[in-house]
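Visitor: Got a structure for you, data-v6.pdb, holding PDB, C-alpha atoms.
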ATOM      1  CA  MET B   1     107.779 104.701  94.092
ATOM      2  CA  ASN B   2     108.935 101.098  94.346
ATOM      3  CA  ALA B   3     111.864 100.202  96.588
ATOM      4  CA  LEU B   4     114.681  98.798  94.456
ATOM      5  CA  ILE B   5     117.669  98.758  96.815
ATOM      6  CA  GLU B   6     117.461  97.853 100.512
ATOM      7  CA  VAL B   7     120.430  98.169 102.850
ATOM      8  CA  ASN B   8     119.502  96.355 106.051
ATOM      9  CA  GLY B   9     121.628  96.627 109.205
ATOM     10  CA  VAL B  10     124.885  96.591 107.261
ATOM     11  CA  ASN B  11     128.183  96.501 109.137
ATOM     12  CA  LYS B  12     131.635  96.268 107.574
ATOM     13  CA  VAL B  13     134.740  95.470 109.593
ATOM     14  CA  PHE B  14     138.282  95.365 108.200
ATOM     15  CA  PRO B  15     141.088  93.562 110.051
ATOM     16  CA  VAL B  16     144.217  95.644 110.685
ATOM     17  CA  PRO B  17     147.432  94.797 112.537
ATOM     18  CA  GLY B  18     146.565  94.597 116.215
ATOM     19  CA  GLY B  19     142.808  94.832 115.818
ATOM     20  CA  GLN B  20     140.088  95.892 113.432
ATOM     21  CA  VAL B  21     138.485  98.962 111.867
ATOM     22  CA  VAL B  22     134.711  99.339 111.853
ATOM     23  CA  ALA B  23     134.088 101.078 108.527
ATOM     24  CA  LEU B  24     130.277 100.848 108.481
ATOM     25  CA  GLN B  25     127.920 100.419 111.410
ATOM     26  CA  ASP B  26     124.206  99.616 111.233
ATOM     27  CA  ILE B  27     123.524 101.230 107.849
ATOM     28  CA  ASN B  28     119.848 101.156 106.866
ATOM     29  CA  LEU B  29     118.723 102.703 103.580
ATOM     30  CA  THR B  30     115.883 102.257 101.127
ATOM     31  CA  ILE B  31     116.436 103.568  97.606
ATOM     32  CA  ASN B  32     113.504 103.670  95.243
ATOM     33  CA  GLN B  33     113.476 102.817  91.584
ATOM     34  CA  GLY B  34     114.582 105.810  89.530
ATOM     35  CA  GLU B  35     116.010 107.801  92.450
ATOM     36  CA  PHE B  36     119.293 109.694  92.267
ATOM     37  CA  VAL B  37     120.999 109.384  95.664
ATOM     38  CA  CYS B  38     124.322 110.987  96.635
ATOM     39  CA  LEU B  39     126.501 109.660  99.452
ATOM     40  CA  LEU B  40     128.300 112.601 101.039
ATOM     41  CA  GLY B  41     130.886 112.926 103.790
ATOM     42  CA  PRO B  42     134.590 113.415 104.564
ATOM     43  CA  SER B  43     137.338 110.919 103.762
ATOM     44  CA  GLY B  44     137.115 107.885 105.993
ATOM     45  CA  CYS B  45     133.337 107.909 106.420
ATOM     46  CA  GLY B  46     132.768 104.749 104.367
ATOM     47  CA  LYS B  47     131.094 106.179 101.238
ATOM     48  CA  SER B  48     133.093 104.045  98.821
ATOM     49  CA  THR B  49     132.935 101.057 101.167
ATOM     50  CA  LEU B  50     129.139 101.243 101.117
ATOM     51  CA  LEU B  51     129.085 101.639  97.331
ATOM     52  CA  ASN B  52     131.395  98.636  96.941
ATOM     53  CA  ALA B  53     129.103  96.615  99.190
ATOM     54  CA  VAL B  54     126.114  97.445  96.982
ATOM     55  CA  ALA B  55     128.227  96.579  93.923
ATOM     56  CA  GLY B  56     129.088  93.200  95.439
ATOM     57  CA  PHE B  57     132.844  93.844  95.499
ATOM     58  CA  ALA B  58     133.081  93.907  99.308
ATOM     59  CA  PRO B  59     130.207  92.026 100.976
ATOM     60  CA  PRO B  60     129.053  93.254 104.406
ATOM     61  CA  SER B  61     130.471  91.660 107.544
ATOM     62  CA  SER B  62     126.868  91.445 108.751
ATOM     63  CA  GLY B  63     123.477  92.611 107.556
ATOM     64  CA  ASN B  64     122.428  92.342 103.937
ATOM     65  CA  ILE B  65     121.771  94.312 100.779
ATOM     66  CA  THR B  66     119.046  93.464  98.288
ATOM     67  CA  VAL B  67     118.563  94.729  94.746
ATOM     68  CA  GLY B  68     115.101  93.856  93.554
ATOM     69  CA  ALA B  69     114.331  90.462  95.058
ATOM     70  CA  ASN B  70     117.950  89.321  95.188
ATOM     71  CA  ILE B  71     120.437  89.480  98.062
ATOM     72  CA  VAL B  72     123.760  90.909  96.865
ATOM     73  CA  THR B  73     126.575  88.380  97.235
ATOM     74  CA  ALA B  74     128.739  89.308  94.232
ATOM     75  CA  PRO B  75     128.837  91.731  91.295
ATOM     76  CA  GLY B  76     125.983  91.248  88.859
ATOM     77  CA  PRO B  77     124.506  92.572  85.608
ATOM     78  CA  ASP B  78     121.812  94.490  87.494
ATOM     79  CA  ARG B  79     124.490  96.928  88.771
ATOM     80  CA  GLY B  80     126.927  98.922  86.637
ATOM     81  CA  MET B  81     129.941 100.674  88.202
ATOM     82  CA  VAL B  82     131.733 103.843  87.086
ATOM     83  CA  PHE B  83     134.998 104.705  88.846
ATOM     84  CA  GLN B  84     136.984 107.931  89.142
ATOM     85  CA  GLU B  85     139.762 106.219  87.189
ATOM     86  CA  TYR B  86     138.489 105.661  83.676
ATOM     87  CA  ALA B  87     139.643 101.998  83.453
ATOM     88  CA  LEU B  88     139.482 101.987  79.666
ATOM     89  CA  PHE B  89     141.404  99.487  77.563
ATOM     90  CA  PRO B  90     144.144 101.595  75.935
ATOM     91  CA  TRP B  91     144.510  99.266  72.937
ATOM     92  CA  MET B  92     140.788  99.575  72.064
ATOM     93  CA  THR B  93     139.057 102.410  70.266
ATOM     94  CA  VAL B  94     136.146 104.308  71.788
ATOM     95  CA  ALA B  95     133.635 102.112  69.958
ATOM     96  CA  GLN B  96     135.467  98.914  70.938
ATOM     97  CA  ASN B  97     135.584  99.943  74.610
ATOM     98  CA  ILE B  98     131.833 100.591  74.602
ATOM     99  CA  ALA B  99     131.120  97.281  72.879
ATOM    100  CA  PHE B 100     133.381  95.189  75.116
ATOM    101  CA  GLY B 101     130.858  94.197  77.807
ATOM    102  CA  LEU B 102     128.213  93.194  75.288
ATOM    103  CA  GLU B 103     130.761  91.106  73.374
ATOM    104  CA  ILE B 104     131.736  89.278  76.565
ATOM    105  CA  LYS B 105     128.033  88.537  77.148
ATOM    106  CA  GLY B 106     127.780  87.106  73.643
ATOM    107  CA  ALA B 107     125.200  89.613  72.423
ATOM    108  CA  PRO B 108     124.333  89.479  68.711
ATOM    109  CA  ARG B 109     126.531  91.681  66.512
ATOM    110  CA  ALA B 110     123.547  93.690  65.299
ATOM    111  CA  GLN B 111     122.546  94.508  68.898
ATOM    112  CA  ILE B 112     126.115  95.481  69.785
ATOM    113  CA  ASP B 113     126.449  97.784  66.789
ATOM    114  CA  ALA B 114     123.058  99.418  67.397
ATOM    115  CA  THR B 115     123.819  99.987  71.095
ATOM    116  CA  VAL B 116     127.233 101.485  70.367
ATOM    117  CA  GLU B 117     125.774 103.856  67.761
ATOM    118  CA  LYS B 118     123.002 104.931  70.133
ATOM    119  CA  LEU B 119     125.424 105.684  72.977
ATOM    120  CA  LEU B 120     127.937 107.450  70.753
ATOM    121  CA  SER B 121     125.136 109.740  69.612
ATOM    122  CA  MET B 122     123.651 110.178  73.099
ATOM    123  CA  LEU B 123     126.987 111.267  74.566
ATOM    124  CA  GLY B 124     128.139 113.347  71.597
ATOM    125  CA  MET B 125     131.026 111.019  70.724
ATOM    126  CA  THR B 126     130.193 109.858  67.194
ATOM    127  CA  GLU B 127     133.186 111.622  65.652
ATOM    128  CA  PHE B 128     135.497 110.055  68.255
ATOM    129  CA  ARG B 129     134.424 106.458  67.656
ATOM    130  CA  GLY B 130     137.801 105.453  66.150
ATOM    131  CA  ARG B 131     140.015 107.298  68.641
ATOM    132  CA  PHE B 132     142.073 105.605  71.329
ATOM    133  CA  PRO B 133     141.884 106.662  75.020
ATOM    134  CA  LYS B 134     145.315 108.341  74.887
ATOM    135  CA  ASP B 135     143.935 110.775  72.296
ATOM    136  CA  LEU B 136     140.988 111.878  74.466
ATOM    137  CA  SER B 137     140.571 114.498  77.182
ATOM    138  CA  GLY B 138     139.731 113.431  80.717
ATOM    139  CA  GLY B 139     136.108 114.410  80.251
ATOM    140  CA  MET B 140     135.806 112.439  77.026
ATOM    141  CA  ARG B 141     137.419 109.383  78.620
ATOM    142  CA  GLN B 142     134.836 109.510  81.387
ATOM    143  CA  ARG B 143     132.069 109.747  78.788
ATOM    144  CA  VAL B 144     133.399 106.538  77.263
ATOM    145  CA  ALA B 145     133.533 104.866  80.680
ATOM    146  CA  ILE B 146     129.916 105.851  81.341
ATOM    147  CA  ALA B 147     128.842 104.669  77.885
ATOM    148  CA  ARG B 148     130.531 101.300  78.447
ATOM    149  CA  VAL B 149     128.464 100.785  81.596
ATOM    150  CA  LEU B 150     125.262 102.044  79.969
ATOM    151  CA  ALA B 151     125.745  99.561  77.123
ATOM    152  CA  LEU B 152     124.973  96.737  79.554
ATOM    153  CA  ASP B 153     121.633  98.402  80.409
ATOM    154  CA  SER B 154     121.901  97.727  84.145
ATOM    155  CA  PRO B 155     118.967  99.254  86.061
ATOM    156  CA  VAL B 156     121.332 100.498  88.805
ATOM    157  CA  LEU B 157     124.256 102.837  88.112
ATOM    158  CA  LEU B 158     126.896 103.064  90.855
ATOM    159  CA  MET B 159     129.329 105.983  90.552
ATOM    160  CA  ASP B 160     132.393 106.485  92.772
ATOM    161  CA  GLU B 161     133.447 110.146  92.438
ATOM    162  CA  PRO B 162     133.418 109.857  88.637
ATOM    163  CA  PHE B 163     134.039 113.572  88.058
ATOM    164  CA  GLY B 164     136.482 114.169  90.912
ATOM    165  CA  ALA B 165     139.580 114.494  88.725
ATOM    166  CA  LEU B 166     138.025 116.873  86.174
ATOM    167  CA  ASP B 167     138.251 120.648  85.907
ATOM    168  CA  ALA B 168     135.228 122.686  86.995
ATOM    169  CA  LEU B 169     133.795 123.378  83.528
ATOM    170  CA  THR B 170     134.144 119.781  82.325
ATOM    171  CA  ARG B 171     132.688 118.576  85.598
ATOM    172  CA  ARG B 172     129.557 120.730  85.209
ATOM    173  CA  SER B 173     129.150 119.649  81.592
ATOM    174  CA  LEU B 174     129.277 115.971  82.583
ATOM    175  CA  GLN B 175     126.925 116.556  85.507
ATOM    176  CA  ASP B 176     124.379 117.932  83.038
ATOM    177  CA  GLU B 177     125.004 115.006  80.671
ATOM    178  CA  LEU B 178     124.484 112.539  83.524
ATOM    179  CA  LEU B 179     121.222 114.170  84.601
ATOM    180  CA  ARG B 180     119.953 114.084  81.022
ATOM    181  CA  ILE B 181     120.842 110.391  80.665
ATOM    182  CA  TRP B 182     119.349 109.553  84.056
ATOM    183  CA  GLN B 183     116.062 111.251  83.177
ATOM    184  CA  GLU B 184     115.976 109.721  79.701
ATOM    185  CA  LEU B 185     116.820 106.152  80.705
ATOM    186  CA  GLY B 186     115.232 106.005  84.161
ATOM    187  CA  LYS B 187     118.240 104.510  85.926
ATOM    188  CA  THR B 188     118.602 104.324  89.703
ATOM    189  CA  VAL B 189     121.841 106.099  90.644
ATOM    190  CA  ILE B 190     124.003 105.970  93.768
ATOM    191  CA  PHE B 191     126.723 108.596  93.434
ATOM    192  CA  VAL B 192     129.641 109.088  95.845
ATOM    193  CA  THR B 193     131.029 112.613  96.163
ATOM    194  CA  HIS B 194     133.047 114.859  98.471
ATOM    195  CA  SER B 195     131.469 117.931  96.879
ATOM    196  CA  ILE B 196     128.511 119.527  98.658
ATOM    197  CA  GLU B 197     127.608 121.594  95.591
ATOM    198  CA  GLU B 198     127.731 118.541  93.337
ATOM    199  CA  SER B 199     125.430 116.587  95.628
ATOM    200  CA  ILE B 200     122.849 119.401  95.714
ATOM    201  CA  TYR B 201     123.032 119.919  91.949
ATOM    202  CA  LEU B 202     122.480 116.227  91.163
ATOM    203  CA  ALA B 203     120.557 114.412  93.833
ATOM    204  CA  ASP B 204     116.990 113.655  94.811
ATOM    205  CA  ARG B 205     118.383 112.626  98.195
ATOM    206  CA  ILE B 206     121.669 113.299  99.968
ATOM    207  CA  VAL B 207     122.779 110.747 102.552
ATOM    208  CA  VAL B 208     125.403 112.243 104.875
ATOM    209  CA  LEU B 209     127.621 109.664 106.555
ATOM    210  CA  THR B 210     129.468 110.094 109.837
ATOM    211  CA  TYR B 211     133.208 109.674 110.196
ATOM    212  CA  ARG B 212     134.270 106.152 111.116
ATOM    213  CA  PRO B 213     132.377 104.142 111.958
ATOM    214  CA  GLY B 214     130.196 105.247 109.038
ATOM    215  CA  THR B 215     126.566 105.613 109.985
ATOM    216  CA  VAL B 216     123.727 107.619 108.446
ATOM    217  CA  LYS B 217     123.916 111.073 110.021
ATOM    218  CA  ARG B 218     121.179 112.643 107.864
ATOM    219  CA  ASP B 219     119.063 111.581 104.897
ATOM    220  CA  ILE B 220     117.928 114.782 103.175
ATOM    221  CA  HIS B 221     115.373 115.035 100.373
ATOM    222  CA  VAL B 222     116.319 117.814  97.962
ATOM    223  CA  ASP B 223     113.077 119.590  97.137
ATOM    224  CA  MET B 224     114.243 121.833  94.286
ATOM    225  CA  PRO B 225     113.198 121.789  90.630
ATOM    226  CA  ARG B 226     115.796 121.012  87.970
ATOM    227  CA  PRO B 227     117.865 122.565  86.509
ATOM    228  CA  ARG B 228     119.095 123.894  89.832
ATOM    229  CA  ASP B 229     120.512 127.363  90.297
ATOM    230  CA  SER B 230     123.575 127.342  92.537
ATOM    231  CA  GLY B 231     122.989 131.025  93.262
ATOM    232  CA  SER B 232     119.454 130.583  94.598
ATOM    233  CA  ALA B 233     118.553 131.069  98.246
ATOM    234  CA  ALA B 234     117.280 127.490  98.598
ATOM    235  CA  PHE B 235     120.485 126.059  97.116
ATOM    236  CA  ASN B 236     122.681 128.085  99.441
ATOM    237  CA  ASP B 237     120.556 127.389 102.523
ATOM    238  CA  LEU B 238     121.008 123.669 101.921
ATOM    239  CA  LYS B 239     124.697 124.179 101.139
ATOM    240  CA  ARG B 240     125.205 125.836 104.542
ATOM    241  CA  GLU B 241     123.318 123.059 106.337
ATOM    242  CA  LEU B 242     125.267 120.326 104.594
ATOM    243  CA  GLY B 243     128.510 122.215 105.201
ATOM    244  CA  ARG B 244     127.775 122.249 108.918
ATOM    245  CA  LEU B 245     126.986 118.516 108.980
ATOM    246  CA  VAL B 246     130.068 117.516 106.982
ATOM    247  CA  MET B 247     132.368 119.852 108.923
ATOM    248  CA  GLU B 248     131.284 118.245 112.205
ATOM    249  CA  GLU B 249     132.483 114.916 110.839
ATOM    250  CA  GLN B 250     135.656 116.400 109.364
ATOM    251  CA  GLN B 251     136.516 117.808 112.787
ATOM    252  CA  ARG B 252     135.941 114.362 114.326
ATOM    253  CA  HIS B 253     138.290 112.940 111.698
ATOM    254  CA  GLU B 254     140.990 115.511 112.479
ATOM    255  CA  ALA B 255     140.610 114.942 116.214
ATOM    256  CA  ALA B 256     141.054 111.195 115.686
ATOM    257  CA  GLU B 257     144.182 111.842 113.619
ATOM    258  CA  ARG B 258     145.656 114.021 116.358
ATOM    259  CA  ALA B 259     144.927 111.297 118.869
ATOM    260  CA  GLY B 260     146.550 108.678 116.640
ATOM    261  CA  LEU B 261     143.318 106.735 116.237
ATOM    262  CA  THR B 262     143.177 106.592 112.434
ATOM    263  CA  THR B 263     145.261 104.821 109.828
ATOM    264  CA  ASP B 264     144.234 107.174 106.965
TER     265      ASP B 264
END
Output the file's structure in the form of structure tokens.
Guide:
Amino acid sequence: MNALIEVNGVNKVFPVPGGQVVALQDINLTINQGEFVCLLGPSGCGKSTLLNAVAGFAPPSSGNITVGANIVTAPGPDRGMVFQEYALFPWMTVAQNIAFGLEIKGAPRAQIDATVEKLLSMLGMTEFRGRFPKDLSGGMRQRVAIARVLALDSPVLLMDEPFGALDALTRRSLQDELLRIWQELGKTVIFVTHSIEESIYLADRIVVLTYRPGTVKRDIHVDMPRPRDSGSAAFNDLKRELGRLVMEEQQRHEAAERAGLTTD
């Protein structure tokens, strides 16, 4: 596989009253084209900070990130971002929300219409094309948010706990939808989650981060065929191992809170 994303010696420091917080420390990762990578760890370990650095929203304090041949210095069309909050325009219909990014780019009307129709069909939303976000369920709103990013055809899809606010059944349905889209379109995905089961179900690799400062504790290749059975021995063996790794960091987090060393 070809390396698409390189995170090289990345550190991120935030100033706070009376000092600073080291959010990320010496992060080194290589993500290959077409890989599905989950970032896993407790609150405060820097998962979203790292994702935002790759997105170009929060550049590293030192080190660098490259996507393809380009050093990341700002957001760009090669990276699409999906947030936990749906961030849809409430005054636009489903179809208009999906089309928005292409319209801003000045794409031809025929291309916009064809892309919208393709994504509506791919995500099972054709009959909802004229609805407004207020008329949709949480799961359907997130489908629209994903479709809006896919419309731009970015090779990299960055996802910050996109299913975290959904009920269990909707969450599993969207996980399956995402895997189908990922396999069909060949995107490279970096997906932030707190859920150990979600990371095992989705990922080729699971990168476990330590509690602050965030460093790479383990980088685990998930060697299981898809679709994955959450009741299988292999799934549960990995679940126990990841649970142990994450709990170690959660206990560090709680100890820091008791000692008054965290602002979370």
Visitor: For region 171-188 of chain B, list every protein, DNA or RNA residue within 8 Å, evaluated using all atoms listed in the file, and leave out those in the same chain fewer than 2 positions away; present the list as a ChimeraX atom specification.
Guide: /B:32-36,123,139,143,154-157,163-164,166-169,190,202
Visitor: May I have the residues within 6 Å of region 53-65 of chain B as a ChimeraX atom specification, using all atoms listed in the file and disregarding those fewer than 3 positions away in the same chain?
Guide: /B:6-12,50,71-75
Visitor: Translate the PyMOL selection byres ((chain B and resi 208) around 9) into a concrete residue list for this structure, as a list in words.
Guide: Cys38, Leu39, Leu40, Gly41, Ile206, Val207, Leu209, Thr210, Thr215, Val216, Lys217, Arg218, Asp219, Ile220, Leu242, Leu245 and Val246 of chain B
Visitor: Between CA of Ala203 (chain B) and CA of Ala145 (chain B), what is the distance in Å, rounded to a tenth?
Guide: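 Straight-line distance from CA of Ala203 (chain B) to CA of Ala145 (chain B) works out to 20.8 Å.
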Visitor: Set the distance at 9 Å and use only C-alpha atoms: which residues neighbour region 43-45 of chain B once local chain neighbours fewer than 4 positions away are removed? I'd like the list as a list in words.
Guide: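 Result of the neighbour search: Ala23, Leu24, Thr49, His194, Leu209, Thr210, Tyr211, Arg212, Pro213, Gly214, Thr215, Glu249, Gln250, His253, Thr262 and Asp264 of chain B.
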Visitor: At what distance in Å, to one decimal, does CA of Ile112 (chain B) lie from CA of Ala99 (chain B)?
Guide: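 Interatomic distance, CA of Ala99 (chain B) to CA of Ile112 (chain B): 6.2 Å.
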Visitor: Neighbouring residues of Pro133 (chain B) were defined as those with any atom within 8 Å, considering only C-alpha atoms; residues of the same chain fewer than 6 positions away were excluded. Please report them as a list in words.
Guide: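 The neighbour list is Leu88, Phe89, Pro90, Met92, Thr93, Val94 and Arg141 of chain B.
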